[in-house]
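Data block for model_33.cif (mmCIF, C-alpha atoms):
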data_structure
loop_
_atom_site.group_PDB
_atom_site.id
_atom_site.type_symbol
_atom_site.label_atom_id
_atom_site.label_comp_id
_atom_site.auth_asym_id
_atom_site.auth_seq_id
_atom_site.Cartn_x
_atom_site.Cartn_y
_atom_site.Cartn_z
ATOM 1 C CA MET A 21 40.573 -16.566 -1.012
ATOM 2 C CA PRO A 22 42.714 -13.523 -1.907
ATOM 3 C CA LYS A 23 41.066 -10.428 -0.495
ATOM 4 C CA ILE A 24 43.828 -7.906 -1.046
ATOM 5 C CA THR A 25 43.569 -4.223 -0.169
ATOM 6 C CA TYR A 26 45.000 -1.907 -2.820
ATOM 7 C CA THR A 27 43.172 1.296 -1.936
ATOM 8 C CA GLU A 28 41.468 2.554 1.208
ATOM 9 C CA LYS A 29 37.799 3.219 0.565
ATOM 10 C CA ARG A 30 34.821 4.201 2.665
ATOM 11 C CA PHE A 31 31.366 2.850 1.880
ATOM 12 C CA ASN A 32 27.913 4.002 2.881
ATOM 13 C CA ALA A 33 25.474 1.554 4.466
ATOM 14 C CA GLU A 34 23.805 0.750 1.139
ATOM 15 C CA ALA A 35 27.108 -0.129 -0.538
ATOM 16 C CA GLU A 36 28.223 -2.205 2.460
ATOM 17 C CA ALA A 37 24.982 -4.184 2.322
ATOM 18 C CA THR A 38 25.452 -4.729 -1.410
ATOM 19 C CA ILE A 39 29.006 -6.035 -0.897
ATOM 20 C CA GLU A 40 27.769 -8.378 1.828
ATOM 21 C CA GLN A 41 25.036 -9.717 -0.457
ATOM 22 C CA ALA A 42 27.528 -10.189 -3.299
ATOM 23 C CA ASN A 43 29.847 -12.134 -1.008
ATOM 24 C CA LYS A 44 26.997 -14.423 0.071
ATOM 25 C CA ILE A 45 26.243 -15.219 -3.575
ATOM 26 C CA ILE A 46 29.930 -15.776 -4.325
ATOM 27 C CA GLU A 47 30.415 -18.107 -1.352
ATOM 28 C CA ASP A 48 27.312 -20.115 -2.223
ATOM 29 C CA TYR A 49 28.542 -20.782 -5.750
ATOM 30 C CA LYS A 50 32.176 -21.259 -4.751
ATOM 31 C CA ALA A 51 31.147 -24.024 -2.334
ATOM 32 C CA GLN A 52 29.713 -25.870 -5.339
ATOM 33 C CA GLY A 53 32.767 -25.314 -7.525
ATOM 34 C CA TYR A 54 31.519 -22.366 -9.576
ATOM 35 C CA ASP A 55 32.993 -18.958 -10.251
ATOM 36 C CA LEU A 56 30.847 -16.158 -11.669
ATOM 37 C CA THR A 57 30.991 -13.292 -14.122
ATOM 38 C CA LEU A 58 29.777 -9.862 -13.069
ATOM 39 C CA ARG A 59 26.764 -10.358 -15.346
ATOM 40 C CA GLN A 60 25.806 -13.555 -13.523
ATOM 41 C CA ILE A 61 26.088 -11.868 -10.121
ATOM 42 C CA TYR A 62 23.925 -9.052 -11.452
ATOM 43 C CA TYR A 63 21.186 -11.518 -12.438
ATOM 44 C CA GLN A 64 21.330 -13.083 -8.982
ATOM 45 C CA PHE A 65 20.626 -9.607 -7.586
ATOM 46 C CA VAL A 66 17.732 -9.145 -9.993
ATOM 47 C CA GLY A 67 16.323 -12.628 -9.459
ATOM 48 C CA HIS A 68 16.416 -12.360 -5.656
ATOM 49 C CA ASP A 69 15.223 -8.733 -5.657
ATOM 50 C CA LEU A 70 18.358 -7.467 -3.900
ATOM 51 C CA PHE A 71 18.561 -4.038 -5.505
ATOM 52 C CA PRO A 72 17.221 -1.158 -3.358
ATOM 53 C CA ASP A 73 13.578 -0.309 -4.016
ATOM 54 C CA ASP A 74 14.437 3.202 -5.157
ATOM 55 C CA ARG A 75 16.501 1.817 -8.041
ATOM 56 C CA ARG A 76 13.630 1.215 -10.456
ATOM 57 C CA TRP A 77 13.891 2.439 -14.031
ATOM 58 C CA THR A 78 12.036 2.875 -17.290
ATOM 59 C CA GLN A 79 13.788 3.196 -20.633
ATOM 60 C CA ASN A 80 12.618 5.872 -23.031
ATOM 61 C CA PRO A 81 11.872 3.950 -26.273
ATOM 62 C CA SER A 82 12.786 6.943 -28.424
ATOM 63 C CA THR A 83 16.100 7.957 -26.862
ATOM 64 C CA GLY A 84 17.089 4.757 -25.072
ATOM 65 C CA LYS A 85 17.769 6.801 -21.936
ATOM 66 C CA TRP A 86 16.944 5.246 -18.557
ATOM 67 C CA LEU A 87 14.770 7.307 -16.207
ATOM 68 C CA ARG A 88 13.937 6.764 -12.535
ATOM 69 C CA ASP A 89 10.417 5.375 -12.199
ATOM 70 C CA PRO A 90 8.860 4.009 -8.946
ATOM 71 C CA ASN A 91 6.785 1.656 -11.124
ATOM 72 C CA GLY A 92 9.679 0.623 -13.322
ATOM 73 C CA THR A 93 12.011 -2.394 -13.365
ATOM 74 C CA LYS A 94 15.153 -3.200 -11.401
ATOM 75 C CA ASN A 95 16.497 -5.152 -14.365
ATOM 76 C CA ALA A 96 18.072 -2.103 -15.940
ATOM 77 C CA GLU A 97 21.481 -1.108 -17.291
ATOM 78 C CA PRO A 98 22.000 1.632 -14.644
ATOM 79 C CA ASN A 99 21.729 -1.038 -11.930
ATOM 80 C CA TYR A 100 24.275 -3.229 -13.713
ATOM 81 C CA LYS A 101 26.732 -0.332 -13.861
ATOM 82 C CA TRP A 102 26.000 0.658 -10.251
ATOM 83 C CA LEU A 103 26.603 -2.887 -9.016
ATOM 84 C CA GLY A 104 29.770 -3.147 -11.101
ATOM 85 C CA GLU A 105 31.191 0.012 -9.573
ATOM 86 C CA ILE A 106 30.472 -1.146 -6.010
ATOM 87 C CA ILE A 107 31.980 -4.578 -6.640
ATOM 88 C CA ASN A 108 35.042 -3.012 -8.263
ATOM 89 C CA ASP A 109 35.544 -0.714 -5.283
ATOM 90 C CA GLY A 110 34.920 -3.626 -2.903
ATOM 91 C CA ARG A 111 37.650 -5.689 -4.552
ATOM 92 C CA LEU A 112 40.131 -2.801 -4.436
ATOM 93 C CA ALA A 113 39.308 -2.300 -0.758
ATOM 94 C CA GLY A 114 39.987 -5.956 0.051
ATOM 95 C CA LEU A 115 36.358 -6.875 0.762
ATOM 96 C CA ILE A 116 35.702 -9.225 -2.186
ATOM 97 C CA ASP A 117 37.759 -12.216 -3.343
ATOM 98 C CA TRP A 118 39.707 -11.343 -6.500
ATOM 99 C CA GLU A 119 39.454 -14.901 -7.838
ATOM 100 C CA ALA A 120 35.692 -15.200 -7.376
ATOM 101 C CA ILE A 121 34.690 -13.010 -10.328
ATOM 102 C CA VAL A 122 36.055 -13.951 -13.730
ATOM 103 C CA ASP A 123 36.272 -12.535 -17.232
ATOM 104 C CA ARG A 124 35.979 -15.570 -19.495
ATOM 105 C CA THR A 125 36.507 -13.594 -22.697
ATOM 106 C CA ARG A 126 40.051 -12.345 -22.004
ATOM 107 C CA ASN A 127 42.747 -14.805 -20.982
ATOM 108 C CA LEU A 128 46.518 -15.077 -21.394
ATOM 109 C CA ARG A 129 47.590 -17.970 -23.593
ATOM 110 C CA SER A 130 50.969 -19.583 -23.015
ATOM 111 C CA SER A 131 52.870 -22.847 -23.441
ATOM 112 C CA SER A 132 52.980 -25.600 -20.825
ATOM 113 C CA HIS A 133 56.235 -26.272 -18.970
ATOM 114 C CA TRP A 134 57.702 -29.099 -16.861
ATOM 115 C CA ASP A 135 60.706 -29.402 -14.547
ATOM 116 C CA SER A 136 61.819 -32.861 -15.691
ATOM 117 C CA PRO A 137 61.004 -35.737 -18.063
ATOM 118 C CA LYS A 138 59.332 -37.512 -15.148
ATOM 119 C CA ASP A 139 57.011 -34.544 -14.602
ATOM 120 C CA ILE A 140 55.795 -34.523 -18.190
ATOM 121 C CA VAL A 141 55.189 -38.289 -18.220
ATOM 122 C CA GLU A 142 53.257 -38.047 -14.937
ATOM 123 C CA ALA A 143 51.223 -35.211 -16.440
ATOM 124 C CA CYS A 144 50.527 -37.361 -19.501
ATOM 125 C CA ALA A 145 49.260 -40.163 -17.282
ATOM 126 C CA LYS A 146 46.760 -37.810 -15.639
ATOM 127 C CA GLN A 147 45.722 -36.188 -18.910
ATOM 128 C CA PHE A 148 45.577 -39.263 -21.115
ATOM 129 C CA ARG A 149 42.155 -39.764 -22.669
ATOM 130 C CA ILE A 150 40.771 -42.005 -25.334
ATOM 131 C CA ASP A 151 37.915 -40.670 -27.430
ATOM 132 C CA LYS A 152 35.105 -42.183 -25.395
ATOM 133 C CA TRP A 153 32.513 -41.005 -27.911
ATOM 134 C CA ALA A 154 34.251 -42.896 -30.732
ATOM 135 C CA ARG A 155 32.356 -46.064 -29.819
ATOM 136 C CA GLN A 156 29.024 -44.294 -29.203
ATOM 137 C CA PRO A 157 26.364 -44.563 -31.941
ATOM 138 C CA THR A 158 25.661 -40.828 -31.692
ATOM 139 C CA ARG A 159 28.313 -38.109 -31.480
ATOM 140 C CA VAL A 160 27.458 -35.053 -29.329
ATOM 141 C CA GLU A 161 28.823 -31.499 -29.179
ATOM 142 C CA VAL A 162 27.694 -28.552 -27.029
ATOM 143 C CA TRP A 163 27.448 -25.092 -28.621
ATOM 144 C CA ILE A 164 26.698 -21.968 -26.579
ATOM 145 C CA GLU A 165 25.913 -18.491 -27.855
ATOM 146 C CA LYS A 166 28.126 -16.442 -25.530
ATOM 147 C CA ASP A 167 31.850 -16.631 -24.957
ATOM 148 C CA ALA A 168 31.287 -15.279 -21.431
ATOM 149 C CA LEU A 169 29.356 -18.461 -20.547
ATOM 150 C CA ILE A 170 31.753 -21.050 -21.969
ATOM 151 C CA GLY A 171 33.200 -21.508 -18.481
ATOM 152 C CA VAL A 172 29.766 -22.470 -17.139
ATOM 153 C CA ILE A 173 29.518 -25.514 -19.414
ATOM 154 C CA GLU A 174 33.236 -26.319 -19.441
ATOM 155 C CA GLY A 175 33.117 -28.523 -16.341
ATOM 156 C CA VAL A 176 30.173 -30.691 -17.404
ATOM 157 C CA CYS A 177 31.606 -31.000 -20.921
ATOM 158 C CA GLN A 178 35.051 -32.018 -19.691
ATOM 159 C CA ARG A 179 33.570 -34.590 -17.303
ATOM 160 C CA ASN A 180 31.701 -36.083 -20.245
ATOM 161 C CA ASP A 181 34.592 -35.774 -22.723
ATOM 162 C CA LEU A 182 32.512 -33.517 -24.963
ATOM 163 C CA GLY A 183 33.665 -30.972 -27.495
ATOM 164 C CA HIS A 184 32.190 -27.569 -26.639
ATOM 165 C CA PHE A 185 32.158 -24.392 -28.663
ATOM 166 C CA SER A 186 31.384 -20.700 -28.137
ATOM 167 C CA CYS A 187 29.475 -19.390 -31.154
ATOM 168 C CA ARG A 188 30.029 -15.723 -30.194
ATOM 169 C CA GLY A 189 26.692 -14.793 -31.699
ATOM 170 C CA TYR A 190 26.116 -15.894 -35.274
ATOM 171 C CA THR A 191 28.788 -18.444 -36.119
ATOM 172 C CA SER A 192 31.159 -17.551 -38.955
ATOM 173 C CA GLN A 193 30.758 -19.258 -42.305
ATOM 174 C CA SER A 194 34.278 -20.652 -42.009
ATOM 175 C CA GLU A 195 33.567 -22.333 -38.663
ATOM 176 C CA MET A 196 30.253 -23.701 -39.941
ATOM 177 C CA TRP A 197 32.016 -25.307 -42.905
ATOM 178 C CA VAL A 198 34.778 -26.754 -40.702
ATOM 179 C CA ALA A 199 32.180 -28.203 -38.313
ATOM 180 C CA ALA A 200 30.265 -29.777 -41.190
ATOM 181 C CA GLN A 201 33.426 -31.451 -42.491
ATOM 182 C CA ARG A 202 33.976 -32.842 -38.993
ATOM 183 C CA PHE A 203 30.447 -34.244 -38.949
ATOM 184 C CA ASN A 204 30.841 -35.664 -42.456
ATOM 185 C CA GLY A 205 33.802 -37.611 -41.116
ATOM 186 C CA TYR A 206 31.619 -39.009 -38.319
ATOM 187 C CA PHE A 207 28.936 -40.051 -40.807
ATOM 188 C CA GLU A 208 31.509 -42.118 -42.689
ATOM 189 C CA GLN A 209 32.458 -44.137 -39.618
ATOM 190 C CA GLU A 210 30.960 -47.589 -39.279
ATOM 191 C CA GLY A 211 28.184 -47.891 -36.717
ATOM 192 C CA LYS A 212 27.519 -44.158 -36.444
ATOM 193 C CA GLU A 213 23.862 -43.115 -36.384
ATOM 194 C CA GLY A 214 24.311 -39.364 -36.375
ATOM 195 C CA VAL A 215 25.371 -36.164 -34.646
ATOM 196 C CA VAL A 216 23.503 -34.067 -32.074
ATOM 197 C CA ILE A 217 24.459 -30.467 -31.310
ATOM 198 C CA ILE A 218 23.160 -29.312 -27.934
ATOM 199 C CA HIS A 219 22.613 -25.559 -28.330
ATOM 200 C CA LEU A 220 22.099 -22.860 -25.677
ATOM 201 C CA GLY A 221 21.327 -19.200 -26.380
ATOM 202 C CA ASP A 222 19.420 -16.109 -25.310
ATOM 203 C CA HIS A 223 15.649 -15.947 -25.638
ATOM 204 C CA ASP A 224 15.587 -12.832 -27.812
ATOM 205 C CA PRO A 225 15.090 -12.110 -31.532
ATOM 206 C CA SER A 226 18.622 -13.054 -32.571
ATOM 207 C CA GLY A 227 19.183 -15.734 -29.921
ATOM 208 C CA ILE A 228 16.156 -17.730 -31.067
ATOM 209 C CA ASP A 229 17.055 -17.278 -34.732
ATOM 210 C CA MET A 230 20.626 -18.488 -34.175
ATOM 211 C CA THR A 231 19.401 -22.045 -33.596
ATOM 212 C CA ARG A 232 17.633 -21.968 -36.961
ATOM 213 C CA ASP A 233 20.701 -20.449 -38.614
ATOM 214 C CA ILE A 234 23.020 -23.150 -37.239
ATOM 215 C CA GLU A 235 20.742 -25.891 -38.540
ATOM 216 C CA ASP A 236 20.214 -24.360 -41.982
ATOM 217 C CA ARG A 237 23.870 -23.646 -42.711
ATOM 218 C CA LEU A 238 25.296 -26.851 -41.251
ATOM 219 C CA LYS A 239 22.860 -28.992 -43.206
ATOM 220 C CA LEU A 240 23.822 -27.127 -46.366
ATOM 221 C CA PHE A 241 27.416 -28.314 -45.905
ATOM 222 C CA CYS A 242 26.689 -31.807 -44.542
ATOM 223 C CA THR A 243 26.730 -34.799 -46.867
ATOM 224 C CA GLU A 244 23.925 -36.459 -44.885
ATOM 225 C CA PRO A 245 21.888 -33.611 -43.341
ATOM 226 C CA ASP A 246 19.143 -35.939 -42.091
ATOM 227 C CA ARG A 247 21.639 -37.463 -39.649
ATOM 228 C CA LEU A 248 22.311 -34.099 -37.958
ATOM 229 C CA GLU A 249 20.075 -32.856 -35.123
ATOM 230 C CA ILE A 250 20.267 -29.389 -33.548
ATOM 231 C CA ARG A 251 18.736 -29.673 -30.082
ATOM 232 C CA ARG A 252 18.072 -26.301 -28.444
ATOM 233 C CA ILE A 253 17.854 -26.868 -24.671
ATOM 234 C CA ALA A 254 17.928 -23.251 -23.391
ATOM 235 C CA LEU A 255 16.533 -20.730 -23.153
ATOM 236 C CA MET A 256 13.015 -21.977 -23.761
ATOM 237 C CA THR A 257 9.726 -20.315 -22.850
ATOM 238 C CA PRO A 258 8.791 -22.957 -20.235
ATOM 239 C CA GLN A 259 12.170 -22.363 -18.519
ATOM 240 C CA VAL A 260 11.527 -18.629 -18.399
ATOM 241 C CA LYS A 261 8.267 -19.315 -16.582
ATOM 242 C CA GLN A 262 9.591 -22.130 -14.389
ATOM 243 C CA PHE A 263 12.603 -20.205 -13.092
ATOM 244 C CA LYS A 264 10.872 -16.796 -13.150
ATOM 245 C CA LEU A 265 13.684 -15.173 -15.100
ATOM 246 C CA PRO A 266 13.792 -11.339 -15.170
ATOM 247 C CA PRO A 267 12.699 -9.929 -18.541
ATOM 248 C CA ASN A 268 14.404 -7.377 -20.761
ATOM 249 C CA PRO A 269 12.673 -5.358 -23.470
ATOM 250 C CA ALA A 270 12.981 -7.074 -26.844
ATOM 251 C CA LYS A 271 15.475 -5.217 -29.048
ATOM 252 C CA VAL A 272 13.198 -3.423 -31.487
ATOM 253 C CA THR A 273 16.216 -2.418 -33.588
ATOM 254 C CA ASP A 274 16.914 -6.094 -34.317
ATOM 255 C CA SER A 275 15.733 -6.962 -37.819
ATOM 256 C CA ARG A 276 14.101 -10.092 -36.398
ATOM 257 C CA ALA A 277 12.213 -8.248 -33.653
ATOM 258 C CA LYS A 278 8.891 -7.974 -35.509
ATOM 259 C CA ASP A 279 8.415 -11.737 -35.883
ATOM 260 C CA TYR A 280 9.760 -12.399 -32.391
ATOM 261 C CA ILE A 281 7.394 -9.892 -30.738
ATOM 262 C CA ALA A 282 4.432 -11.233 -32.719
ATOM 263 C CA TYR A 283 5.129 -14.734 -31.375
ATOM 264 C CA PHE A 284 6.640 -14.213 -27.911
ATOM 265 C CA GLY A 285 5.636 -10.685 -26.929
ATOM 266 C CA GLU A 286 7.741 -7.632 -26.119
ATOM 267 C CA SER A 287 10.009 -9.211 -23.479
ATOM 268 C CA SER A 288 13.260 -11.107 -23.959
ATOM 269 C CA TRP A 289 15.558 -13.026 -21.589
ATOM 270 C CA GLU A 290 19.299 -13.605 -21.345
ATOM 271 C CA LEU A 291 20.872 -17.026 -20.862
ATOM 272 C CA ASP A 292 23.076 -15.421 -18.178
ATOM 273 C CA ALA A 293 19.979 -15.153 -15.965
ATOM 274 C CA LEU A 294 19.678 -18.935 -15.758
ATOM 275 C CA ASP A 295 21.453 -20.371 -12.730
ATOM 276 C CA PRO A 296 24.779 -22.071 -13.728
ATOM 277 C CA ARG A 297 23.742 -25.152 -11.770
ATOM 278 C CA THR A 298 20.567 -25.375 -13.835
ATOM 279 C CA ILE A 299 22.520 -25.006 -17.087
ATOM 280 C CA ASN A 300 24.842 -27.841 -16.074
ATOM 281 C CA LYS A 301 21.904 -30.028 -15.062
ATOM 282 C CA LEU A 302 20.172 -29.436 -18.404
ATOM 283 C CA VAL A 303 23.305 -30.330 -20.369
ATOM 284 C CA GLN A 304 23.882 -33.470 -18.280
ATOM 285 C CA GLN A 305 20.271 -34.623 -18.691
ATOM 286 C CA HIS A 306 20.496 -34.450 -22.463
ATOM 287 C CA ILE A 307 23.883 -36.182 -22.525
ATOM 288 C CA ASP A 308 22.442 -39.023 -20.450
ATOM 289 C CA GLN A 309 19.491 -39.337 -22.822
ATOM 290 C CA ILE A 310 21.789 -39.794 -25.812
ATOM 291 C CA ARG A 311 24.729 -41.760 -24.419
ATOM 292 C CA ASP A 312 24.944 -45.560 -24.218
ATOM 293 C CA ALA A 313 25.976 -46.073 -20.567
ATOM 294 C CA ASP A 314 27.443 -49.566 -21.061
ATOM 295 C CA LEU A 315 29.693 -48.481 -23.920
ATOM 296 C CA TRP A 316 30.739 -45.471 -21.866
ATOM 297 C CA ASP A 317 31.748 -47.607 -18.882
ATOM 298 C CA GLU A 318 33.793 -49.879 -21.141
ATOM 299 C CA ALA A 319 35.678 -46.876 -22.521
ATOM 300 C CA ILE A 320 36.427 -45.535 -19.031
ATOM 301 C CA LYS A 321 37.923 -48.883 -17.984
ATOM 302 C CA GLU A 322 40.150 -48.901 -21.064
ATOM 303 C CA GLU A 323 41.239 -45.316 -20.429
ATOM 304 C CA LEU A 324 42.197 -46.063 -16.797
ATOM 305 C CA LYS A 325 44.187 -49.092 -17.910
ATOM 306 C CA HIS A 326 46.255 -46.931 -20.284
ATOM 307 C CA ARG A 327 46.768 -44.262 -17.622
ATOM 308 C CA ASP A 328 48.155 -46.855 -15.231
ATOM 309 C CA ALA A 329 50.579 -48.024 -17.917
ATOM 310 C CA ILE A 330 51.902 -44.502 -18.460
ATOM 311 C CA ALA A 331 52.162 -43.899 -14.707
ATOM 312 C CA ALA A 332 54.289 -47.049 -14.388
ATOM 313 C CA VAL A 333 56.724 -45.633 -16.955
ATOM 314 C CA ALA A 334 56.907 -42.344 -15.041
ATOM 315 C CA LYS A 335 58.000 -44.158 -11.864
ATOM 316 C CA LYS A 336 61.131 -45.391 -13.661
ATOM 317 C CA LEU A 337 62.233 -41.857 -14.578
ATOM 318 C CA LYS A 338 64.157 -39.361 -12.461
#
Just dump the structure as structure tokens.
Amino acid sequence: MPKITYTEKRFNAEAEATIEQANKIIEDYKAQGYDLTLRQIYYQFVGHDLFPDDRRWTQNPSTGKWLRDPNGTKNAEPNYKWLGEIINDGRLAGLIDWEAIVDRTRNLRSSSHWDSPKDIVEACAKQFRIDKWARQPTRVEVWIEKDALIGVIEGVCQRNDLGHFSCRGYTSQSEMWVAAQRFNGYFEQEGKEGVVIIHLGDHDPSGIDMTRDIEDRLKLFCTEPDRLEIRRIALMTPQVKQFKLPPNPAKVTDSRAKDYIAYFGESSWELDALDPRTINKLVQQHIDQIRDADLWDEAIKEELKHRDAIAAVAKKLK
């Protein structure tokens, strides 16, 4: 837990309380193996009503400017910026763990290195995997709208040997075509019934439409479109109600806003507001519904057998 002081800072009582609350949230999630983005911490503050009562706002629909309003909402951009500034200062002052808050959209990429041939063979033994979905009747992938949330689903996808993909909004035509060619290859394999894409996105005009867009364009490129299913598992209206997610105004500038507002009303909701544990649980539930457990267990046994064989080779090396 690296709490490193880089600058000396003084905080008022309100800021100190905010840092303490942020640390409680961080520790709760860290104990369960999760790290968080600033946006996710912000939604924990909104969801648990942790912002001071005098930080309520209303957005002027004409100018977009946020104004103080005792009857307004705490789910407002000024509160996000205010929290971000306090957390930034808290980290610099050595009060918040530097590793607890992550930016999943910006990462250094580099090559792997080993100290000896034995090290690389031992690493291969640990990393060796067979394609456990190759013997499953249905192939599954997980697609998520936001790059910032790919880390939330990464653990559950890796545990289940699933390909997972950040759409970054509307998926490019090139990536759609490449995905369809991948699925066409699955369709050609003997014993394959089809492909299911588990999709997660915001509950807003574009986020809802993205599920439709993925289905329409992928099926255009697929040789057997009837064997492809796009299964949207979040966000859904019942989840918004069940988990009491904080609303945002629907983006009226979005070209899809008119139809969205007519059907869902003037509020929208971000996927970031859904607890990471809930997201993981939803993904796991749908995987379990699709996967043949007996075939999966057989594949795991075969994989472990191969890992042991590679590990035995490593023991003979220096």
If the PyMOL selection byres ((chain A and resi 267) around 9) is run on the structure shown, which residues does it catch, given as a list in words?
Asn95, Val260, Lys264, Leu265, Pro266, Asn268, Pro269, Ala270, Ser287, Ser288, Trp289 and Glu290 of chain A
For the file shown, what are the residues hit by the PyMOL selection byres ((chain A and resi 311) around 9), laid out as a compact mmCIF listing (two decimals) with C-alpha atoms, in the frame of the given file?
# COMPACT_ATOMS: atom_id res chain seq x y z
CA TRP A 153 32.51 -41.00 -27.91
CA GLN A 156 29.02 -44.29 -29.20
CA PRO A 157 26.36 -44.56 -31.94
CA THR A 158 25.66 -40.83 -31.69
CA ARG A 159 28.31 -38.11 -31.48
CA VAL A 160 27.46 -35.05 -29.33
CA HIS A 306 20.50 -34.45 -22.46
CA ILE A 307 23.88 -36.18 -22.52
CA ASP A 308 22.44 -39.02 -20.45
CA GLN A 309 19.49 -39.34 -22.82
CA ILE A 310 21.79 -39.79 -25.81
CA ASP A 312 24.94 -45.56 -24.22
CA ALA A 313 25.98 -46.07 -20.57
CA ASP A 314 27.44 -49.57 -21.06
CA LEU A 315 29.69 -48.48 -23.92
CA TRP A 316 30.74 -45.47 -21.87
Expected selection from the PyMOL selection byres ((chain A and resi 206) around 12), given as a PyMOL selection string
chain A and resi 153-160+199-205+207-216+242-244+247-248
Those residues you just picked out, can you put them in a file as a CSV table (one decimal), in the coordinates of the input with C-alpha atoms?
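See result29.csv below for the written result:
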chain,number,residue,atom,x,y,z
A,153,TRP,CA,32.5,-41.0,-27.9
A,154,ALA,CA,34.3,-42.9,-30.7
A,155,ARG,CA,32.4,-46.1,-29.8
A,156,GLN,CA,29.0,-44.3,-29.2
A,157,PRO,CA,26.4,-44.6,-31.9
A,158,THR,CA,25.7,-40.8,-31.7
A,159,ARG,CA,28.3,-38.1,-31.5
A,160,VAL,CA,27.5,-35.1,-29.3
A,199,ALA,CA,32.2,-28.2,-38.3
A,200,ALA,CA,30.3,-29.8,-41.2
A,201,GLN,CA,33.4,-31.5,-42.5
A,202,ARG,CA,34.0,-32.8,-39.0
A,203,PHE,CA,30.4,-34.2,-38.9
A,204,ASN,CA,30.8,-35.7,-42.5
A,205,GLY,CA,33.8,-37.6,-41.1
A,207,PHE,CA,28.9,-40.1,-40.8
A,208,GLU,CA,31.5,-42.1,-42.7
A,209,GLN,CA,32.5,-44.1,-39.6
A,210,GLU,CA,31.0,-47.6,-39.3
A,211,GLY,CA,28.2,-47.9,-36.7
A,212,LYS,CA,27.5,-44.2,-36.4
A,213,GLU,CA,23.9,-43.1,-36.4
A,214,GLY,CA,24.3,-39.4,-36.4
A,215,VAL,CA,25.4,-36.2,-34.6
A,216,VAL,CA,23.5,-34.1,-32.1
A,242,CYS,CA,26.7,-31.8,-44.5
A,243,THR,CA,26.7,-34.8,-46.9
A,244,GLU,CA,23.9,-36.5,-44.9
A,247,ARG,CA,21.6,-37.5,-39.6
A,248,LEU,CA,22.3,-34.1,-38.0
So what do you get for atom CA of A:Pro22 versus atom CA of A:Asp167, distance-wise?
25.7 Å
Any idea what's packed within 9 Å of A:Asp74, counting all atoms listed in the file, ignoring anything in its chain fewer than 4 positions away? Could you give it as a list in words?
Arg88, Asp89, Pro90 and Lys94 of chain A
In terms of the shortest atom-to-atom distance over only C-alpha atoms, which of A:Ser194, A:Ser226, A:Asn108, A:Ser130 is closest to A:Ile281?
A:Ser226
So that I can see what lies close to A:Arg126, please list as a list in words the residues with an atom at most 12 Å from it, counting all atoms listed in the file and leaving out residues fewer than 2 positions away in the same chain.
Val122, Asp123, Arg124, Leu128, Arg129, Asp167, Ala168 and Gly171 of chain A
Prev. selection, C-alpha atoms, output as a PDB file, in the coordinates of the input:
ATOM      1  CA  VAL A 122      36.055 -13.951 -13.730  1.00  0.00           C
ATOM      2  CA  ASP A 123      36.272 -12.535 -17.232  1.00  0.00           C
ATOM      3  CA  ARG A 124      35.979 -15.570 -19.495  1.00  0.00           C
ATOM      4  CA  LEU A 128      46.518 -15.077 -21.394  1.00  0.00           C
ATOM      5  CA  ARG A 129      47.590 -17.970 -23.593  1.00  0.00           C
ATOM      6  CA  ASP A 167      31.850 -16.631 -24.957  1.00  0.00           C
ATOM      7  CA  ALA A 168      31.287 -15.279 -21.431  1.00  0.00           C
ATOM      8  CA  GLY A 171      33.200 -21.508 -18.481  1.00  0.00           C
TER       9      GLY A 171
END
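You will find atom CA of A:Gly285 at 15.3 Å from atom CA of A:Asp229.
When all atoms listed in the file are used to compute distances to A:Ser82, the closest of the residues A:Pro225, A:Ala33, A:Val272, A:Ala332 turns out to be A:Val272.
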Listed atoms of stretch 141-159 of chain A boxed along x, y and z, 4 Å each side, centre and edge lengths in Å, one decimal, as JSON:
{"center_x": 40.4, "center_y": -40.6, "center_z": -23.4, "size_x": 37.5, "size_y": 18.9, "size_z": 25.0}
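Of the residues under consideration (A:Tyr54, A:Ile24, A:Gln60, A:Lys152), A:Lys152 shows the shortest atom-to-atom contact distance to A:Glu323 when counting all atoms listed in the file.
Distances to A:Ile228 were evaluated for A:Glu195, A:Asp181, A:Asp279, A:Glu318 using all atoms listed in the file, and the minimum falls at A:Asp279.
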Quick one: everything within 8 Å of A:Ile250, counting all atoms listed in the file, minus sequence neighbours fewer than 2 positions away in the same chain. Send it as a compact mmCIF listing (two decimals) with C-alpha atoms, in the frame of the given file.
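Full text of part37.txt as output:
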# COMPACT_ATOMS: atom_id res chain seq x y z
CA VAL A 216 23.50 -34.07 -32.07
CA ILE A 217 24.46 -30.47 -31.31
CA ILE A 218 23.16 -29.31 -27.93
CA HIS A 219 22.61 -25.56 -28.33
CA THR A 231 19.40 -22.04 -33.60
CA ILE A 234 23.02 -23.15 -37.24
CA GLU A 235 20.74 -25.89 -38.54
CA LEU A 248 22.31 -34.10 -37.96
CA ARG A 252 18.07 -26.30 -28.44
Students should find that atom CA of A:Gly92 and atom CA of A:Phe31 are spaced 26.6 Å
Could you check which of A:Asp274, A:Asp295, A:Glu165, A:Glu97 is closest to A:Ile45, using only C-alpha atoms?
A:Asp295
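For the choices A:Asp222, A:Asp151, A:Glu47, A:Asp55, the atom-to-atom distance to A:Gln178 is smallest for A:Asp151 when using all atoms listed in the file.
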